[in-house]
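Text of structure18.cif (mmCIF, C-alpha atoms) as supplied:
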```cif
data_my_file
loop_
_atom_site.label_atom_id
_atom_site.label_comp_id
_atom_site.auth_asym_id
_atom_site.auth_seq_id
_atom_site.Cartn_x
_atom_site.Cartn_y
_atom_site.Cartn_z
CA MET A 1 2.25 26.15 -53.73
CA ARG A 2 2.17 25.62 -49.98
CA GLN A 3 0.67 22.43 -48.68
CA ARG A 4 -2.90 22.35 -47.43
CA ILE A 5 -2.56 21.42 -43.74
CA ALA A 6 -5.17 20.82 -41.06
CA VAL A 7 -4.97 19.92 -37.40
CA VAL A 8 -7.91 18.31 -35.62
CA GLY A 9 -8.10 19.27 -31.96
CA GLY A 10 -7.68 22.56 -30.13
CA GLY A 11 -5.80 21.27 -27.09
CA PRO A 12 -2.20 22.16 -26.17
CA GLY A 13 -0.64 19.96 -28.85
CA GLY A 14 -2.86 21.06 -31.72
CA LEU A 15 -2.57 24.72 -30.79
CA ALA A 16 1.23 24.52 -30.42
CA PHE A 17 1.42 23.00 -33.90
CA ALA A 18 -0.82 25.70 -35.38
CA ARG A 19 0.87 28.53 -33.50
CA VAL A 20 4.37 27.61 -34.73
CA LEU A 21 3.13 27.31 -38.32
CA HIS A 22 1.36 30.65 -37.90
CA ARG A 23 4.61 32.20 -36.64
CA HIS A 24 6.28 31.02 -39.85
CA ARG A 25 3.39 32.42 -41.91
CA HIS A 26 2.27 28.99 -43.07
CA PRO A 27 -1.53 28.63 -43.32
CA VAL A 28 -3.19 25.92 -41.25
CA ALA A 29 -6.81 25.01 -40.59
CA VAL A 30 -7.65 24.23 -36.94
CA PHE A 31 -10.81 22.21 -36.30
CA GLU A 32 -12.21 21.85 -32.78
CA ARG A 33 -15.46 20.09 -31.91
CA ASP A 34 -16.22 22.34 -28.90
CA PRO A 35 -18.52 25.17 -29.96
CA ALA A 36 -16.45 27.82 -28.15
CA PRO A 37 -13.24 28.12 -26.09
CA ASP A 38 -15.17 28.08 -22.80
CA ALA A 39 -17.71 25.44 -23.74
CA ARG A 40 -16.50 23.11 -20.96
CA PRO A 41 -14.23 23.33 -17.93
CA PRO A 42 -10.59 23.43 -19.07
CA GLY A 43 -9.21 21.09 -16.38
CA GLY A 44 -6.51 21.65 -13.81
CA THR A 45 -3.08 23.14 -13.75
CA LEU A 46 -0.13 21.89 -15.83
CA ASP A 47 3.56 21.83 -15.02
CA LEU A 48 5.51 22.65 -18.17
CA HIS A 49 9.00 21.14 -18.27
CA GLU A 50 12.03 23.11 -19.43
CA GLY A 51 12.98 20.62 -22.14
CA LEU A 52 9.44 19.82 -23.27
CA GLY A 53 6.48 22.21 -22.93
CA GLN A 54 8.63 25.28 -22.31
CA LEU A 55 10.75 24.42 -25.34
CA ALA A 56 7.59 24.26 -27.43
CA LEU A 57 6.54 27.70 -26.20
CA ASP A 58 9.99 29.03 -27.05
CA LYS A 59 9.58 27.73 -30.60
CA ALA A 60 6.23 29.53 -30.72
CA GLY A 61 7.78 32.79 -29.44
CA LEU A 62 5.69 32.65 -26.26
CA LEU A 63 8.18 31.75 -23.54
CA ALA A 64 8.43 35.23 -22.01
CA GLU A 65 4.63 35.51 -21.81
CA PHE A 66 4.45 32.07 -20.23
CA ARG A 67 6.98 33.04 -17.57
CA ALA A 68 4.89 36.09 -16.70
CA LEU A 69 1.79 33.91 -16.20
CA SER A 70 3.26 30.78 -14.64
CA ARG A 71 3.58 29.98 -10.96
CA PRO A 72 7.05 28.67 -10.00
CA GLU A 73 5.83 28.34 -6.41
CA GLY A 74 3.37 25.73 -7.68
CA GLN A 75 6.26 23.27 -7.95
CA ALA A 76 6.00 22.72 -4.18
CA MET A 77 5.00 19.18 -3.21
CA ARG A 78 3.89 17.89 0.20
CA ILE A 79 3.32 14.20 1.04
CA LEU A 80 1.21 13.14 4.03
CA ASP A 81 0.56 9.83 5.69
CA THR A 82 -3.09 8.83 5.90
CA ASP A 83 -3.11 9.95 9.55
CA GLY A 84 -2.12 13.47 8.49
CA THR A 85 1.58 13.23 9.39
CA VAL A 86 3.78 15.24 7.03
CA LEU A 87 6.27 12.82 5.45
CA ARG A 88 7.88 15.11 2.87
CA ASP A 89 7.68 18.84 2.15
CA TRP A 90 9.55 19.91 -0.98
CA ARG A 91 9.68 23.62 -1.79
CA PRO A 92 11.24 25.11 -4.92
CA ARG A 93 14.11 27.58 -4.84
CA PRO A 94 13.12 31.16 -5.76
CA ASP A 95 14.92 30.82 -9.12
CA ASP A 96 13.64 27.32 -9.93
CA ARG A 97 11.80 27.32 -13.26
CA ALA A 98 12.21 23.65 -14.16
CA ASN A 99 8.47 22.84 -14.01
CA PRO A 100 6.38 25.91 -13.16
CA GLU A 101 2.60 25.56 -13.14
CA ILE A 102 0.08 27.28 -15.38
CA ASP A 103 -3.70 26.92 -15.50
CA ARG A 104 -4.97 25.17 -18.61
CA ARG A 105 -7.23 28.09 -19.45
CA GLN A 106 -4.29 30.51 -19.31
CA LEU A 107 -2.18 28.20 -21.48
CA ARG A 108 -4.99 27.80 -24.00
CA ASP A 109 -5.50 31.54 -24.28
CA LEU A 110 -1.75 32.08 -24.64
CA LEU A 111 -1.53 29.56 -27.48
CA LEU A 112 -4.70 30.77 -29.17
CA GLY A 113 -3.49 34.33 -29.63
CA SER A 114 -4.70 35.40 -33.06
CA LEU A 115 -5.21 31.86 -34.39
CA ASP A 116 -8.38 31.37 -36.41
CA VAL A 117 -9.87 28.22 -34.86
CA GLN A 118 -12.98 26.76 -36.46
CA TRP A 119 -15.08 26.01 -33.38
CA GLY A 120 -17.93 23.53 -33.49
CA ARG A 121 -16.34 21.56 -36.36
CA GLY A 122 -16.49 17.99 -35.05
CA VAL A 123 -14.67 15.48 -37.25
CA THR A 124 -16.28 12.08 -37.82
CA GLN A 125 -13.81 10.43 -40.19
CA VAL A 126 -10.50 10.95 -41.98
CA VAL A 127 -9.92 9.09 -45.25
CA PRO A 128 -6.27 8.95 -46.40
CA LYS A 129 -4.83 8.50 -49.88
CA THR A 130 -7.70 9.66 -52.06
CA ARG A 131 -6.94 11.05 -55.52
CA ASP A 132 -7.30 14.63 -54.31
CA GLY A 133 -5.62 14.17 -50.94
CA VAL A 134 -6.82 13.37 -47.44
CA VAL A 135 -10.56 13.76 -46.91
CA VAL A 136 -11.86 15.10 -43.59
CA ARG A 137 -15.56 14.45 -42.96
CA PHE A 138 -17.43 16.56 -40.42
CA ALA A 139 -20.44 15.98 -38.19
CA ASP A 140 -22.42 18.56 -40.17
CA GLY A 141 -22.14 16.46 -43.33
CA ARG A 142 -19.51 18.59 -45.07
CA GLN A 143 -16.04 17.46 -46.06
CA GLU A 144 -12.74 19.09 -46.99
CA THR A 145 -9.49 17.85 -48.54
CA PHE A 146 -5.91 18.42 -47.35
CA ASP A 147 -2.34 17.36 -48.08
CA LEU A 148 -1.73 16.64 -44.38
CA VAL A 149 -4.11 16.07 -41.50
CA VAL A 150 -2.67 16.00 -37.98
CA GLY A 151 -4.75 14.25 -35.35
CA ALA A 152 -4.34 16.07 -32.04
CA ASP A 153 -7.82 15.16 -30.88
CA GLY A 154 -7.09 13.24 -27.72
CA ALA A 155 -7.78 9.83 -26.24
CA TRP A 156 -10.80 8.99 -28.39
CA SER A 157 -9.35 10.44 -31.57
CA ARG A 158 -11.47 10.37 -34.73
CA VAL A 159 -8.30 10.68 -36.79
CA ARG A 160 -6.48 7.67 -35.28
CA PRO A 161 -8.52 4.98 -37.13
CA ALA A 162 -7.05 6.30 -40.40
CA VAL A 163 -3.63 4.95 -39.35
CA SER A 164 -4.16 2.58 -36.40
CA SER A 165 -6.72 0.11 -35.07
CA ALA A 166 -5.52 0.59 -31.47
CA THR A 167 -8.04 1.70 -28.86
CA PRO A 168 -7.44 2.83 -25.27
CA HIS A 169 -7.83 0.30 -22.46
CA TYR A 170 -8.72 0.84 -18.82
CA THR A 171 -5.80 0.87 -16.39
CA GLY A 172 -7.78 -0.35 -13.40
CA VAL A 173 -7.48 3.08 -11.77
CA THR A 174 -10.36 5.54 -11.56
CA VAL A 175 -10.14 9.19 -10.57
CA VAL A 176 -13.04 11.15 -9.14
CA GLU A 177 -12.43 14.88 -9.38
CA THR A 178 -13.86 17.64 -7.26
CA ALA A 179 -12.83 21.22 -6.52
CA LEU A 180 -12.67 23.89 -3.84
CA ASP A 181 -13.11 27.58 -4.65
CA ASP A 182 -11.71 30.58 -2.82
CA VAL A 183 -9.84 28.15 -0.58
CA ASP A 184 -7.72 30.74 1.25
CA THR A 185 -10.81 32.59 2.49
CA ARG A 186 -13.39 29.82 2.80
CA HIS A 187 -11.14 26.94 3.92
CA PRO A 188 -7.97 28.45 5.42
CA ASP A 189 -7.04 25.24 7.24
CA LEU A 190 -7.08 23.32 3.96
CA ALA A 191 -5.19 26.11 2.24
CA GLN A 192 -2.44 25.79 4.83
CA LEU A 193 -2.49 21.99 4.54
CA ILE A 194 -2.07 22.08 0.74
CA GLY A 195 0.57 24.81 0.66
CA ASP A 196 1.61 26.59 -2.55
CA GLY A 197 1.61 23.59 -4.86
CA SER A 198 0.34 20.02 -4.56
CA LEU A 199 -0.52 17.68 -1.73
CA GLY A 200 -0.46 13.88 -1.98
CA VAL A 201 -1.76 11.32 0.51
CA TYR A 202 -1.17 7.65 -0.35
CA GLY A 203 -2.84 4.58 1.13
CA VAL A 204 -3.47 1.00 0.08
CA ASN A 205 -4.62 1.07 -3.56
CA ARG A 206 -5.90 4.62 -3.20
CA ALA A 207 -4.71 8.21 -2.98
CA LEU A 208 -5.96 11.75 -2.48
CA VAL A 209 -4.23 14.51 -4.40
CA ALA A 210 -4.94 18.25 -4.13
CA GLN A 211 -3.47 20.71 -6.60
CA ARG A 212 -3.53 24.49 -6.41
CA ASN A 213 -4.63 26.46 -9.44
CA SER A 214 -4.57 30.25 -9.59
CA GLY A 215 -7.13 32.45 -7.88
CA GLY A 216 -7.59 30.26 -4.81
CA HIS A 217 -9.01 27.36 -6.86
CA VAL A 218 -7.98 23.83 -5.85
CA LYS A 219 -8.56 20.62 -7.78
CA VAL A 220 -8.94 17.47 -5.68
CA TYR A 221 -8.52 13.98 -7.12
CA ALA A 222 -9.58 10.79 -5.37
CA GLN A 223 -7.68 7.93 -7.04
CA PHE A 224 -8.38 4.25 -6.46
CA ARG A 225 -8.24 0.80 -8.02
CA ALA A 226 -11.71 -0.47 -8.92
CA PRO A 227 -13.63 -2.22 -11.69
CA LEU A 228 -14.75 0.07 -14.49
CA ASP A 229 -18.38 -0.38 -13.38
CA TRP A 230 -17.76 0.36 -9.68
CA HIS A 231 -20.19 3.28 -9.83
CA THR A 232 -23.25 1.53 -11.26
CA HIS A 233 -25.07 1.57 -7.90
CA LEU A 234 -24.56 5.35 -7.65
CA ASP A 235 -26.35 8.28 -9.22
CA LEU A 236 -23.28 10.30 -10.17
CA ALA A 237 -25.42 13.44 -10.26
CA ASP A 238 -26.26 12.93 -6.56
CA VAL A 239 -23.42 14.89 -4.93
CA ASP A 240 -24.21 13.71 -1.41
CA ALA A 241 -24.28 10.05 -2.44
CA VAL A 242 -20.98 10.27 -4.31
CA ARG A 243 -19.35 12.12 -1.42
CA ALA A 244 -20.58 9.49 1.05
CA SER A 245 -19.28 6.69 -1.16
CA LEU A 246 -15.84 8.29 -1.40
CA LEU A 247 -15.68 8.98 2.34
CA ALA A 248 -16.45 5.30 2.95
CA LEU A 249 -13.71 4.31 0.52
CA PHE A 250 -11.20 6.44 2.45
CA ASP A 251 -12.58 5.52 5.88
CA GLY A 252 -10.01 5.76 8.66
CA TRP A 253 -7.97 8.53 7.05
CA SER A 254 -7.31 11.79 8.87
CA ALA A 255 -10.41 13.97 9.22
CA ARG A 256 -8.33 16.92 8.07
CA VAL A 257 -7.45 15.10 4.85
CA LEU A 258 -11.02 13.95 4.26
CA ASP A 259 -12.19 17.56 4.44
CA LEU A 260 -10.84 17.78 0.88
CA LEU A 261 -13.78 15.56 -0.09
CA ARG A 262 -16.31 16.88 2.41
CA HIS A 263 -16.10 20.39 0.98
CA GLY A 264 -16.24 19.35 -2.69
CA THR A 265 -19.37 20.69 -4.37
CA ALA A 266 -19.46 18.47 -7.49
CA PHE A 267 -17.82 15.20 -8.50
CA VAL A 268 -16.71 13.98 -11.92
CA ARG A 269 -15.73 10.38 -12.65
CA ARG A 270 -12.60 9.96 -14.80
CA PRO A 271 -11.47 6.36 -15.38
CA LEU A 272 -7.86 6.33 -16.58
CA TYR A 273 -7.28 4.84 -20.02
CA VAL A 274 -4.02 4.30 -21.90
CA LEU A 275 -2.83 3.17 -25.30
CA PRO A 276 -0.24 0.38 -25.58
CA VAL A 277 3.14 1.57 -24.32
CA SER A 278 4.81 0.92 -27.67
CA HIS A 279 1.98 2.20 -29.87
CA THR A 280 3.18 2.80 -33.44
CA TRP A 281 1.57 2.44 -36.85
CA THR A 282 2.43 1.84 -40.46
CA HIS A 283 3.09 5.26 -41.94
CA ALA A 284 0.17 6.53 -44.01
CA SER A 285 0.75 9.35 -46.46
CA GLY A 286 -1.01 12.56 -45.44
CA VAL A 287 -2.09 11.58 -41.90
CA THR A 288 -0.29 11.58 -38.57
CA LEU A 289 -1.01 11.84 -34.86
CA LEU A 290 0.45 13.57 -31.84
CA GLY A 291 -0.24 13.83 -28.13
CA ASP A 292 -2.88 11.60 -26.54
CA ALA A 293 -4.16 10.57 -29.96
CA ALA A 294 -0.76 8.93 -30.56
CA HIS A 295 0.36 7.83 -27.10
CA LEU A 296 -2.27 8.15 -24.37
CA MET A 297 -0.56 7.55 -21.03
CA PRO A 298 -1.30 8.07 -17.32
CA PRO A 299 -1.64 11.76 -16.36
CA LEU A 300 1.65 12.12 -14.52
CA GLY A 301 2.94 15.35 -16.02
CA ALA A 302 4.17 14.15 -19.42
CA GLY A 303 1.16 14.18 -21.75
CA ALA A 304 0.61 17.87 -22.46
CA ASN A 305 4.35 18.51 -22.45
CA LEU A 306 4.96 15.85 -25.10
CA ALA A 307 2.00 16.95 -27.20
CA MET A 308 3.17 20.56 -27.27
CA LEU A 309 6.76 19.71 -28.19
CA GLU A 310 5.63 17.27 -30.87
CA GLY A 311 3.33 19.88 -32.38
CA ALA A 312 6.05 22.54 -32.34
CA GLU A 313 8.71 20.23 -33.79
CA LEU A 314 6.47 18.98 -36.60
CA ALA A 315 5.44 22.54 -37.47
CA GLU A 316 9.06 23.69 -37.54
CA SER A 317 10.03 20.84 -39.86
CA ILE A 318 7.19 21.68 -42.22
CA ALA A 319 7.95 25.40 -42.13
CA ALA A 320 11.61 24.71 -42.97
CA GLY A 321 10.40 24.19 -46.53
CA ALA A 322 11.26 20.57 -47.20
CA GLU A 323 9.74 19.60 -50.53
CA ASP A 324 8.82 16.06 -49.50
CA LEU A 325 6.12 16.54 -46.88
CA ASP A 326 5.72 12.80 -46.55
CA GLU A 327 9.36 12.32 -45.55
CA VAL A 328 9.11 15.16 -43.02
CA VAL A 329 6.14 13.43 -41.37
CA ARG A 330 7.78 10.00 -41.49
CA ALA A 331 10.91 11.33 -39.77
CA PHE A 332 8.76 13.10 -37.16
CA GLU A 333 6.89 9.87 -36.36
CA GLU A 334 10.11 7.92 -35.87
CA ARG A 335 11.39 10.50 -33.37
CA MET A 336 8.06 10.76 -31.60
CA TRP A 337 7.68 7.00 -31.15
CA VAL A 338 11.04 6.67 -29.43
CA ARG A 339 10.50 9.54 -27.02
CA ALA A 340 6.85 8.72 -26.32
CA GLY A 341 7.64 5.06 -25.74
CA ARG A 342 10.17 6.04 -23.09
CA TRP A 343 7.69 8.32 -21.31
CA ALA A 344 4.84 5.81 -21.60
CA THR A 345 7.02 3.24 -19.85
CA ILE A 346 7.91 5.72 -17.10
CA THR A 347 4.32 6.86 -16.49
CA ALA A 348 2.87 3.33 -16.57
CA ALA A 349 5.36 2.27 -13.91
CA GLY A 350 4.64 5.47 -11.99
CA LEU A 351 0.90 4.80 -11.85
CA GLU A 352 1.55 1.28 -10.57
CA ARG A 353 3.61 2.73 -7.71
CA LEU A 354 1.37 5.69 -6.88
CA VAL A 355 -1.83 3.64 -6.58
CA SER A 356 -0.29 0.55 -5.06
CA PRO A 357 -0.93 -2.11 -2.40
CA ASP A 358 2.20 -0.72 -0.73
CA PRO A 359 1.96 3.06 -0.04
CA ALA A 360 5.72 3.13 0.61
CA GLU A 361 6.15 2.73 -3.17
CA ALA A 362 4.59 6.15 -3.75
CA LEU A 363 6.87 7.82 -1.26
CA ALA A 364 9.92 6.08 -2.76
CA LEU A 365 8.93 7.28 -6.22
CA PHE A 366 8.76 10.89 -5.09
CA ASP A 367 12.09 10.54 -3.33
CA GLU A 368 13.57 9.46 -6.66
CA VAL A 369 12.18 12.33 -8.74
CA GLN A 370 12.20 15.26 -6.30
CA PRO A 371 15.40 17.25 -5.77
CA SER A 372 17.21 16.32 -2.58
#
```
Whole structure, structure tokens version:
Amino acid sequence: MRQRIAVVGGGPGGLAFARVLHRHRHPVAVFERDPAPDARPPGGTLDLHEGLGQLALDKAGLLAEFRALSRPEGQAMRILDTDGTVLRDWRPRPDDRANPEIDRRQLRDLLLGSLDVQWGRGVTQVVPKTRDGVVVRFADGRQETFDLVVGADGAWSRVRPAVSSATPHYTGVTVVETALDDVDTRHPDLAQLIGDGSLGVYGVNRALVAQRNSGGHVKVYAQFRAPLDWHTHLDLADVDAVRASLLALFDGWSARVLDLLRHGTAFVRRPLYVLPVSHTWTHASGVTLLGDAAHLMPPLGAGANLAMLEGAELAESIAAGAEDLDEVVRAFEERMWVRAGRWATITAAGLERLVSPDPAEALALFDEVQPS
């Protein structure tokens, strides 16, 4: 009899896990609290790395479809000084597919395929090691039992308390997100400034980052060091007030750069939280975690990639038919902890340098990671 397996969370990691199991004809229940795929904005673009996210898609049999959708030109990166001077302008080679970009919505739809996701099934609690297996309790009062429950439900995971008491802590950096639509037609000067990929401008303890998505959509992120309650004097629903507050925070920067904020039509506050760099837990039979639920780290290009590869690798190991499911999961956790710990260290150090008292640290970091 095949094991009863569930994954909680319909993000990239949970869907990669389910899609690989589905490819191997192994049943899996997918529970997602959102009532529908388009219930909320999907977020910005993702760069999928050859040895991480792209490898996961290969395991799911989706790499060719990904390549047809992705934007290799989105790997371009331009760095400006706060006065608008171009400091660096990296452009990918025509054949460079190391980290092509794809919109989150496109990636979600690609991974969903024919998966049967149970939308609107919010999980409230997971209880391991009962006589009948692992109990999953839902917001609607129902419960179901499984042999393995995988928590892929993000930063504030409802599965994580079953194995770990760790909770995310604030990094000291807040991001306020806005967006520009139809940028090539409505804001051609900004379109030219941003280029084909991303634009970064770094000052003292703050930064402005603009990132192209498909269809002329641009995400803009104001990043700065501030107390968690910095916004309490603001009505975050008052667009003009938030815009004015951000423009004051970036006062003295190039007017051309600040147009990224002036033309934003809505603003969303996103304080950055992380889990401890070396987050592990005592193995619990029948429950495990992956992605942000296991190793929440700064959003510097690793999180979704790691989550997808972890989901694909765990699914492959289960589908291989090992009789001892518990040993498969234990071995997966050991591998995940090592790799995630390495990336958590890298991204924590990266955030310190990107939003730093010394803007030269940000430029030096990009010089280290960008091809010469």
Quick one, how far is atom CA of A:Val126 from atom CA of A:Ala166?
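Atom CA of A:Ala166 lies 15.6 Å from atom CA of A:Val126.
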Applied to the shown file, which residues does the PyMOL selection byres ((chain A and resi 15) around 12) return, written as a PyMOL selection string?
chain A and resi 6-14+16-23+28-32+56-57+60+107-117+150-153+290-291+304+307-312+315
Residue selection dump (C-alpha atoms) as a CSV table (one decimal), keeping the file's coordinate frame:
```csv
chain,number,residue,atom,x,y,z
A,6,ALA,CA,-5.2,20.8,-41.1
A,7,VAL,CA,-5.0,19.9,-37.4
A,8,VAL,CA,-7.9,18.3,-35.6
A,9,GLY,CA,-8.1,19.3,-32.0
A,10,GLY,CA,-7.7,22.6,-30.1
A,11,GLY,CA,-5.8,21.3,-27.1
A,12,PRO,CA,-2.2,22.2,-26.2
A,13,GLY,CA,-0.6,20.0,-28.8
A,14,GLY,CA,-2.9,21.1,-31.7
A,16,ALA,CA,1.2,24.5,-30.4
A,17,PHE,CA,1.4,23.0,-33.9
A,18,ALA,CA,-0.8,25.7,-35.4
A,19,ARG,CA,0.9,28.5,-33.5
A,20,VAL,CA,4.4,27.6,-34.7
A,21,LEU,CA,3.1,27.3,-38.3
A,22,HIS,CA,1.4,30.6,-37.9
A,23,ARG,CA,4.6,32.2,-36.6
A,28,VAL,CA,-3.2,25.9,-41.2
A,29,ALA,CA,-6.8,25.0,-40.6
A,30,VAL,CA,-7.6,24.2,-36.9
A,31,PHE,CA,-10.8,22.2,-36.3
A,32,GLU,CA,-12.2,21.8,-32.8
A,56,ALA,CA,7.6,24.3,-27.4
A,57,LEU,CA,6.5,27.7,-26.2
A,60,ALA,CA,6.2,29.5,-30.7
A,107,LEU,CA,-2.2,28.2,-21.5
A,108,ARG,CA,-5.0,27.8,-24.0
A,109,ASP,CA,-5.5,31.5,-24.3
A,110,LEU,CA,-1.8,32.1,-24.6
A,111,LEU,CA,-1.5,29.6,-27.5
A,112,LEU,CA,-4.7,30.8,-29.2
A,113,GLY,CA,-3.5,34.3,-29.6
A,114,SER,CA,-4.7,35.4,-33.1
A,115,LEU,CA,-5.2,31.9,-34.4
A,116,ASP,CA,-8.4,31.4,-36.4
A,117,VAL,CA,-9.9,28.2,-34.9
A,150,VAL,CA,-2.7,16.0,-38.0
A,151,GLY,CA,-4.8,14.2,-35.4
A,152,ALA,CA,-4.3,16.1,-32.0
A,153,ASP,CA,-7.8,15.2,-30.9
A,290,LEU,CA,0.4,13.6,-31.8
A,291,GLY,CA,-0.2,13.8,-28.1
A,304,ALA,CA,0.6,17.9,-22.5
A,307,ALA,CA,2.0,17.0,-27.2
A,308,MET,CA,3.2,20.6,-27.3
A,309,LEU,CA,6.8,19.7,-28.2
A,310,GLU,CA,5.6,17.3,-30.9
A,311,GLY,CA,3.3,19.9,-32.4
A,312,ALA,CA,6.0,22.5,-32.3
A,315,ALA,CA,5.4,22.5,-37.5
```
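Taking atom CA of A:Leu300 and atom CA of A:Asp38 as endpoints, the distance between them is 24.6 Å.
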What residues come out when you apply the PyMOL selection byres ((chain A and resi 229) around 12) to this file, written as a PyMOL selection string?
chain A and resi 170+172-174+225-228+230-234+269-271
For atom CA of A:Ser254 and atom CA of A:Thr178, quote the distance in Å rounded to one decimal.
18.4 Å
Rank nothing, just name the residue among A:Ala294, A:Val183, A:Val355, A:Ala139 nearest to A:Lys219, using all atoms listed in the file.
A:Val183
Selection in question (the file shown): the PyMOL selection byres ((chain A and resi 176) around 6). Which residues does it include, as number ranges by chain?
A: 175, 177, 221-222, 268-270
Measuring atom to atom with all atoms listed in the file, identify which of A:Asn305, A:Thr124, A:Thr130, A:Thr185 is nearest to A:Glu101.
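Under the stated criterion, the closest residue is A:Asn305.
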Which residues of stretch 206-227 of chain A come within 12 Å of stretch 240-246 of chain A, and what is each one's closest atom pair and distance in Å (one decimal), counting all atoms listed in the file, sorted by chain and residue number, as a tab-separated table?
```
residue	atom	partner	partner_atom	distance
A:Arg206	CA	A:Leu246	CA	10.7
A:Ala207	CA	A:Leu246	CA	11.2
A:Leu208	CA	A:Leu246	CA	10.5
A:Tyr221	CA	A:Leu246	CA	10.9
A:Ala222	CA	A:Leu246	CA	7.8
A:Gln223	CA	A:Leu246	CA	9.9
A:Phe224	CA	A:Leu246	CA	9.9
```
Mind writing the picked residues with C-alpha atoms as a tab-separated table (two decimals), in the coordinates of the input?
```
chain	number	residue	atom	x	y	z
A	206	ARG	CA	-5.90	4.62	-3.20
A	207	ALA	CA	-4.71	8.21	-2.98
A	208	LEU	CA	-5.96	11.75	-2.48
A	221	TYR	CA	-8.52	13.98	-7.12
A	222	ALA	CA	-9.58	10.79	-5.37
A	223	GLN	CA	-7.68	7.93	-7.04
A	224	PHE	CA	-8.38	4.25	-6.46
```
So that I can check the surroundings of A:Arg67, please list as a list in words every protein, DNA and RNA residue that reaches within 10 Å of it, counting only C-alpha atoms and ignoring chain neighbours fewer than 3 positions away.
Gln54, Leu62, Leu63, Ala64, Ser70, Arg71, Pro72, Arg97, Pro100, Glu101 and Ile102 of chain A
Please, could you write that set of residues out with C-alpha atoms as a PDB file, keeping the file's coordinate frame?
```pdb
ATOM      1  CA  GLN A  54       8.630  25.280 -22.310  1.00  0.00           C
ATOM      2  CA  LEU A  62       5.690  32.650 -26.260  1.00  0.00           C
ATOM      3  CA  LEU A  63       8.180  31.750 -23.540  1.00  0.00           C
ATOM      4  CA  ALA A  64       8.430  35.230 -22.010  1.00  0.00           C
ATOM      5  CA  SER A  70       3.260  30.780 -14.640  1.00  0.00           C
ATOM      6  CA  ARG A  71       3.580  29.980 -10.960  1.00  0.00           C
ATOM      7  CA  PRO A  72       7.050  28.670 -10.000  1.00  0.00           C
ATOM      8  CA  ARG A  97      11.800  27.320 -13.260  1.00  0.00           C
ATOM      9  CA  PRO A 100       6.380  25.910 -13.160  1.00  0.00           C
ATOM     10  CA  GLU A 101       2.600  25.560 -13.140  1.00  0.00           C
ATOM     11  CA  ILE A 102       0.080  27.280 -15.380  1.00  0.00           C
TER      12      ILE A 102
END
```
Find, counting all atoms listed in the file, the residue in A:Thr288, A:Ser198, A:Asn99, A:Thr82 that gets nearest to A:Arg160.
A:Thr288
A:His279 environment, 9 Å, all atoms listed in the file, sequence neighbours closer than 4 positions dropped, as a list in words:
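Here the answer would be Ser164, Ala166, Leu275, Ala294, His295, Trp337, Ala340 and Gly341 of chain A.
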For those residues, write C-alpha atoms to a file as a compact mmCIF listing (two decimals), in the frame of the given file.
```
# COMPACT_ATOMS: atom_id res chain seq x y z
CA SER A 164 -4.16 2.58 -36.40
CA ALA A 166 -5.52 0.59 -31.47
CA LEU A 275 -2.83 3.17 -25.30
CA ALA A 294 -0.76 8.93 -30.56
CA HIS A 295 0.36 7.83 -27.10
CA TRP A 337 7.68 7.00 -31.15
CA ALA A 340 6.85 8.72 -26.32
CA GLY A 341 7.64 5.06 -25.74
```
